[in-house]
$ cat protein17.cif   # mmCIF, C-alpha atoms; chains and numbers go by the auth columns
data_query
loop_
_atom_site.group_PDB
_atom_site.id
_atom_site.type_symbol
_atom_site.label_atom_id
_atom_site.label_comp_id
_atom_site.label_asym_id
_atom_site.label_seq_id
_atom_site.Cartn_x
_atom_site.Cartn_y
_atom_site.Cartn_z
_atom_site.B_iso_or_equiv
_atom_site.auth_seq_id
_atom_site.auth_asym_id
ATOM 1 C CA MET A 1 85.807 90.137 22.169 0.00 934 A
ATOM 2 C CA ASN A 2 89.484 89.707 21.601 0.00 935 A
ATOM 3 C CA SER A 3 89.263 85.923 21.262 0.00 936 A
ATOM 4 C CA PRO A 4 90.994 83.597 21.820 0.00 937 A
ATOM 5 C CA GLN A 5 93.376 85.600 23.992 0.00 938 A
ATOM 6 C CA VAL A 6 90.599 86.945 26.260 0.00 939 A
ATOM 7 C CA ILE A 7 88.405 84.704 28.385 0.00 940 A
ATOM 8 C CA SER A 8 85.772 85.629 30.948 0.00 941 A
ATOM 9 C CA GLU A 9 83.480 84.116 33.535 0.00 942 A
ATOM 10 C CA THR A 10 80.646 85.665 35.558 0.00 943 A
ATOM 11 C CA VAL A 11 80.016 84.318 39.031 0.00 944 A
ATOM 12 C CA GLY A 12 77.753 85.893 41.637 0.00 945 A
ATOM 13 C CA GLY A 13 77.425 89.259 39.902 0.00 946 A
ATOM 14 C CA GLU A 14 81.170 89.659 39.304 0.00 947 A
ATOM 15 C CA THR A 15 82.871 89.069 35.985 0.00 948 A
ATOM 16 C CA ILE A 16 86.510 88.038 35.882 0.00 949 A
ATOM 17 C CA ILE A 17 88.287 88.589 32.565 0.00 950 A
ATOM 18 C CA VAL A 18 91.745 87.221 31.776 0.00 951 A
ATOM 19 C CA ASN A 19 93.917 88.507 28.957 0.00 952 A
ATOM 20 C CA LEU A 20 96.089 85.465 28.301 0.00 953 A
ATOM 21 C CA ALA A 21 98.478 87.463 26.095 0.00 954 A
ATOM 22 C CA SER A 22 99.297 90.118 28.723 0.00 955 A
ATOM 23 C CA GLY A 23 98.778 87.999 31.829 0.00 956 A
ATOM 24 C CA HIS A 24 96.526 90.669 33.345 0.00 957 A
ATOM 25 C CA TYR A 25 93.156 89.895 34.823 0.00 958 A
ATOM 26 C CA PHE A 26 90.246 92.193 35.507 0.00 959 A
ATOM 27 C CA SER A 27 87.318 92.331 37.895 0.00 960 A
ATOM 28 C CA LEU A 28 84.025 93.873 36.770 0.00 961 A
ATOM 29 C CA GLN A 29 81.068 94.524 39.020 0.00 962 A
ATOM 30 C CA ALA A 30 77.611 96.106 38.799 0.00 963 A
ATOM 31 C CA THR A 31 76.929 97.990 35.539 0.00 964 A
ATOM 32 C CA ALA A 32 80.340 97.068 34.093 0.00 965 A
ATOM 33 C CA VAL A 33 79.131 93.446 34.063 0.00 966 A
ATOM 34 C CA GLU A 34 76.035 94.504 32.111 0.00 967 A
ATOM 35 C CA VAL A 35 78.135 96.361 29.545 0.00 968 A
ATOM 36 C CA TRP A 36 80.525 93.395 29.159 0.00 969 A
ATOM 37 C CA ASN A 37 77.621 90.965 28.749 0.00 970 A
ATOM 38 C CA GLY A 38 76.150 93.179 26.028 0.00 971 A
ATOM 39 C CA LEU A 39 79.474 93.337 24.206 0.00 972 A
ATOM 40 C CA GLU A 40 79.869 89.553 24.466 0.00 973 A
ATOM 41 C CA ARG A 41 76.497 89.159 22.764 0.00 974 A
ATOM 42 C CA GLY A 42 77.614 91.537 20.006 0.00 975 A
ATOM 43 C CA ASP A 43 75.336 94.395 21.020 0.00 976 A
ATOM 44 C CA ALA A 44 76.116 97.857 19.703 0.00 977 A
ATOM 45 C CA ALA A 45 77.221 100.401 22.286 0.00 978 A
ATOM 46 C CA GLU A 46 74.103 102.461 21.495 0.00 979 A
ATOM 47 C CA SER A 47 71.854 99.492 22.342 0.00 980 A
ATOM 48 C CA ILE A 48 73.678 98.952 25.630 0.00 981 A
ATOM 49 C CA VAL A 49 73.278 102.637 26.524 0.00 982 A
ATOM 50 C CA LEU A 50 69.544 102.588 25.711 0.00 983 A
ATOM 51 C CA GLU A 51 68.954 99.514 27.846 0.00 984 A
ATOM 52 C CA LEU A 52 70.882 100.992 30.775 0.00 985 A
ATOM 53 C CA GLU A 53 68.908 104.236 30.434 0.00 986 A
ATOM 54 C CA HIS A 54 65.702 102.193 30.799 0.00 987 A
ATOM 55 C CA ARG A 55 66.996 100.535 33.977 0.00 988 A
ATOM 56 C CA TYR A 56 68.833 103.355 35.728 0.00 989 A
ATOM 57 C CA GLU A 57 68.155 106.937 36.779 0.00 990 A
ATOM 58 C CA ALA A 58 70.951 109.300 35.692 0.00 991 A
ATOM 59 C CA ASN A 59 71.622 112.797 34.416 0.00 992 A
ATOM 60 C CA ASP A 60 71.351 113.379 30.667 0.00 993 A
ATOM 61 C CA GLY A 61 74.361 111.920 28.882 0.00 994 A
ATOM 62 C CA GLU A 62 75.840 110.376 32.054 0.00 995 A
ATOM 63 C CA ILE A 63 75.217 106.756 31.076 0.00 996 A
ATOM 64 C CA GLU A 64 76.373 107.269 27.498 0.00 997 A
ATOM 65 C CA ALA A 65 79.626 108.919 28.646 0.00 998 A
ATOM 66 C CA ALA A 66 80.275 106.176 31.224 0.00 999 A
ATOM 67 C CA VAL A 67 79.690 103.357 28.724 0.00 1000 A
ATOM 68 C CA LYS A 68 81.865 105.067 26.098 0.00 1001 A
ATOM 69 C CA LYS A 69 84.714 105.465 28.624 0.00 1002 A
ATOM 70 C CA LEU A 70 84.410 101.847 29.770 0.00 1003 A
ATOM 71 C CA ILE A 71 84.504 100.573 26.186 0.00 1004 A
ATOM 72 C CA GLU A 72 87.589 102.726 25.538 0.00 1005 A
ATOM 73 C CA ASP A 73 89.186 101.253 28.681 0.00 1006 A
ATOM 74 C CA PHE A 74 88.347 97.716 27.495 0.00 1007 A
ATOM 75 C CA ALA A 75 89.956 98.474 24.126 0.00 1008 A
ATOM 76 C CA GLY A 76 93.006 99.974 25.837 0.00 1009 A
ATOM 77 C CA ALA A 77 93.423 96.769 27.849 0.00 1010 A
ATOM 78 C CA GLU A 78 93.059 94.774 24.600 0.00 1011 A
ATOM 79 C CA LEU A 79 89.933 93.014 25.874 0.00 1012 A
ATOM 80 C CA ILE A 80 87.904 93.992 22.822 0.00 1013 A
ATOM 81 C CA VAL A 81 88.854 94.722 19.221 0.00 1014 A
ATOM 82 C CA GLU A 82 87.024 96.217 16.266 0.00 1015 A
ATOM 83 C CA ASP A 83 85.142 93.727 14.125 0.00 1016 A
ATOM 84 C CA ALA A 84 85.811 93.265 10.394 0.00 1017 A
ATOM 85 C CA ASN A 85 83.509 96.220 9.610 0.00 1018 A
ATOM 86 C CA GLY A 86 85.432 98.570 11.900 0.00 1019 A
ATOM 87 C CA ASN A 87 82.850 98.405 14.669 0.00 1020 A
ATOM 88 C CA GLY A 88 83.658 97.833 18.317 0.00 1021 A
ATOM 89 C CA ALA A 89 80.447 95.858 18.785 0.00 1022 A
ATOM 90 C CA GLY A 90 77.663 94.319 16.756 0.00 1023 A
ATOM 91 C CA SER A 91 74.168 95.631 16.199 0.00 1024 A
ATOM 92 C CA GLY A 92 72.157 93.338 18.461 0.00 1025 A
ATOM 93 C CA GLY A 93 70.107 94.473 21.406 0.00 1026 A
ATOM 94 C CA LEU A 94 69.984 93.551 25.034 0.00 1027 A
ATOM 95 C CA PRO A 95 67.107 91.329 26.077 0.00 1028 A
ATOM 96 C CA PRO A 96 63.984 93.254 27.107 0.00 1029 A
ATOM 97 C CA GLN A 97 63.725 94.035 30.791 0.00 1030 A
ATOM 98 C CA ASP A 98 60.641 94.172 32.931 0.00 1031 A
ATOM 99 C CA ALA A 99 59.310 97.690 33.255 0.00 1032 A
ATOM 100 C CA GLY A 100 59.800 98.860 36.789 0.00 1033 A
ATOM 101 C CA GLU A 101 61.178 101.566 38.960 0.00 1034 A
ATOM 102 C CA ARG A 102 64.570 102.818 37.849 0.00 1035 A
ATOM 103 C CA VAL A 103 67.388 102.741 40.374 0.00 1036 A
ATOM 104 C CA PRO A 104 70.267 105.228 40.645 0.00 1037 A
ATOM 105 C CA PHE A 105 73.047 104.665 38.130 0.00 1038 A
ATOM 106 C CA ILE A 106 76.505 103.777 39.408 0.00 1039 A
ATOM 107 C CA ALA A 107 79.195 104.325 36.785 0.00 1040 A
ATOM 108 C CA PRO A 108 80.821 101.117 35.546 0.00 1041 A
ATOM 109 C CA SER A 109 84.440 100.491 36.370 0.00 1042 A
ATOM 110 C CA PHE A 110 86.880 97.647 36.543 0.00 1043 A
ATOM 111 C CA ALA A 111 89.978 96.765 38.490 0.00 1044 A
ATOM 112 C CA THR A 112 93.156 95.525 36.824 0.00 1045 A
ATOM 113 C CA PHE A 113 95.406 92.988 38.500 0.00 1046 A
ATOM 114 C CA THR A 114 98.925 92.063 37.442 0.00 1047 A
ATOM 115 C CA ASP A 115 100.009 90.002 40.459 0.00 1048 A
ATOM 116 C CA MET A 116 99.568 86.670 38.649 0.00 1049 A
ATOM 117 C CA GLN A 117 101.006 87.810 35.324 0.00 1050 A
ATOM 118 C CA ASP A 118 104.043 85.513 35.489 0.00 1051 A
ATOM 119 C CA ILE A 119 101.897 82.464 36.273 0.00 1052 A
ATOM 120 C CA ILE A 120 99.312 83.215 33.584 0.00 1053 A
ATOM 121 C CA LEU A 121 102.008 83.762 30.957 0.00 1054 A
ATOM 122 C CA LEU A 122 103.773 80.531 31.953 0.00 1055 A
ATOM 123 C CA ASP A 123 100.633 78.421 31.594 0.00 1056 A
ATOM 124 C CA PRO A 124 100.974 76.373 28.380 0.00 1057 A
ATOM 125 C CA VAL A 125 97.336 75.209 28.480 0.00 1058 A
ATOM 126 C CA HIS A 126 96.043 78.425 26.939 0.00 1059 A
ATOM 127 C CA GLU A 127 98.362 77.997 23.942 0.00 1060 A
ATOM 128 C CA VAL A 128 96.018 75.594 22.184 0.00 1061 A
ATOM 129 C CA ASP A 129 95.461 75.359 18.450 0.00 1062 A
ATOM 130 C CA THR A 130 92.845 73.397 16.487 0.00 1063 A
ATOM 131 C CA GLN A 131 94.640 70.104 17.276 0.00 1064 A
ATOM 132 C CA GLY A 132 94.195 70.655 21.004 0.00 1065 A
ATOM 133 C CA TRP A 133 96.832 70.236 23.656 0.00 1066 A
ATOM 134 C CA PRO A 134 99.193 68.521 24.092 0.00 1067 A
ATOM 135 C CA HIS A 135 100.335 67.256 20.717 0.00 1068 A
ATOM 136 C CA ALA A 136 103.684 66.466 19.134 0.00 1069 A
ATOM 137 C CA SER A 137 105.242 69.059 16.876 0.00 1070 A
ATOM 138 C CA THR A 138 105.186 68.134 13.184 0.00 1071 A
ATOM 139 C CA GLY A 139 107.880 70.622 12.145 0.00 1072 A
ATOM 140 C CA THR A 140 111.637 70.369 12.449 0.00 1073 A
#
$ encode --input "protein17.cif" --output "structure tokens"
Amino acid sequence: MNSPQVISETVGGETIIVNLASGHYFSLQATAVEVWNGLERGDAAESIVLELEHRYEANDGEIEAAVKKLIEDFAGAELIVEDANGNGAGSGGLPPQDAGERVPFIAPSFATFTDMQDIILLDPVHEVDTQGWPHASTGT
């Protein structure tokens, strides 16, 4: 995750992500939420793909291509960055899922919103350092 400039919250199956540096916010639903949650945990893209392949019915390579594109889109929106080792995600795995009938795969996507950009960029609360906010400046 591109912390601390990116924050997210999942409510009722929808994840809202805010890029505090750009002022853009994003709405993720369905499988995009699952991919984001995996990335937040530090899971490798390959682990996310394998887990989705266990849950969803899709053509060969469809899930892998969709996850790769979504991760590229996240990087393009500066929501994720490579880690110190040059990886886009860690090497963890998604939690095991109950074996059951697979459902049809719906490609992940997200919507970008810029209508509140001016308000988000004006908000001084997100400009917090280790001292917290507010605090008096010590420099001249």
$ resolve_selection --input "protein17.cif" --expression "the PyMOL selection byres ((chain A and resi 1000) around 9)" --output "ChimeraX atom specification"
/A:965,968,978,981-982,995-999,1001-1005,1040-1041
$ atom_distance --input "protein17.cif" --atom1 "atom CA of A:Asn970" --atom2 "atom CA of A:Leu953"
19.3 Å
$ closest_residue --input "protein17.cif" --among "A:Ile1039, A:Val939, A:Leu1012, A:Leu985" --to "A:Gln962" --atoms "all atoms listed in the file"
A:Ile1039
$ atom_distance --input "protein17.cif" --atom1 "atom CA of A:Thr948" --atom2 "atom CA of A:Val1036"
21.1 Å
$ resolve_selection --input "protein17.cif" --expression "the PyMOL selection byres ((chain A and resi 940) around 9)" --output "list in words"
Met934, Asn935, Ser936, Pro937, Gln938, Val939, Ser941, Glu942, Ile949, Ile950, Val951, Asn952, Leu953 and Leu1012 of chain A
$ write_last_selection --input "protein17.cif" --atoms "C-alpha atoms" --output "CSV table (one decimal), in the coordinates of the input"
chain,number,residue,atom,x,y,z
A,934,MET,CA,85.8,90.1,22.2
A,935,ASN,CA,89.5,89.7,21.6
A,936,SER,CA,89.3,85.9,21.3
A,937,PRO,CA,91.0,83.6,21.8
A,938,GLN,CA,93.4,85.6,24.0
A,939,VAL,CA,90.6,86.9,26.3
A,941,SER,CA,85.8,85.6,30.9
A,942,GLU,CA,83.5,84.1,33.5
A,949,ILE,CA,86.5,88.0,35.9
A,950,ILE,CA,88.3,88.6,32.6
A,951,VAL,CA,91.7,87.2,31.8
A,952,ASN,CA,93.9,88.5,29.0
A,953,LEU,CA,96.1,85.5,28.3
A,1012,LEU,CA,89.9,93.0,25.9
$ residues_around --input "protein17.cif" --residues "A:Val966" --least-positions-apart "6" --cutoff "10 Å" --atoms "all atoms listed in the file" --output "PyMOL selection string"
chain A and resi 943+946-949+960+972+1041-1043
$ atom_distance --input "protein17.cif" --atom1 "atom CA of A:Glu1034" --atom2 "atom CA of A:Glu984"
13.7 Å
$ residues_around --input "protein17.cif" --residues "stretch 1047-1055 of chain A" --least-positions-apart "5" --cutoff "8 Å" --atoms "all atoms listed in the file" --output "ChimeraX atom specification"
/A:953-958
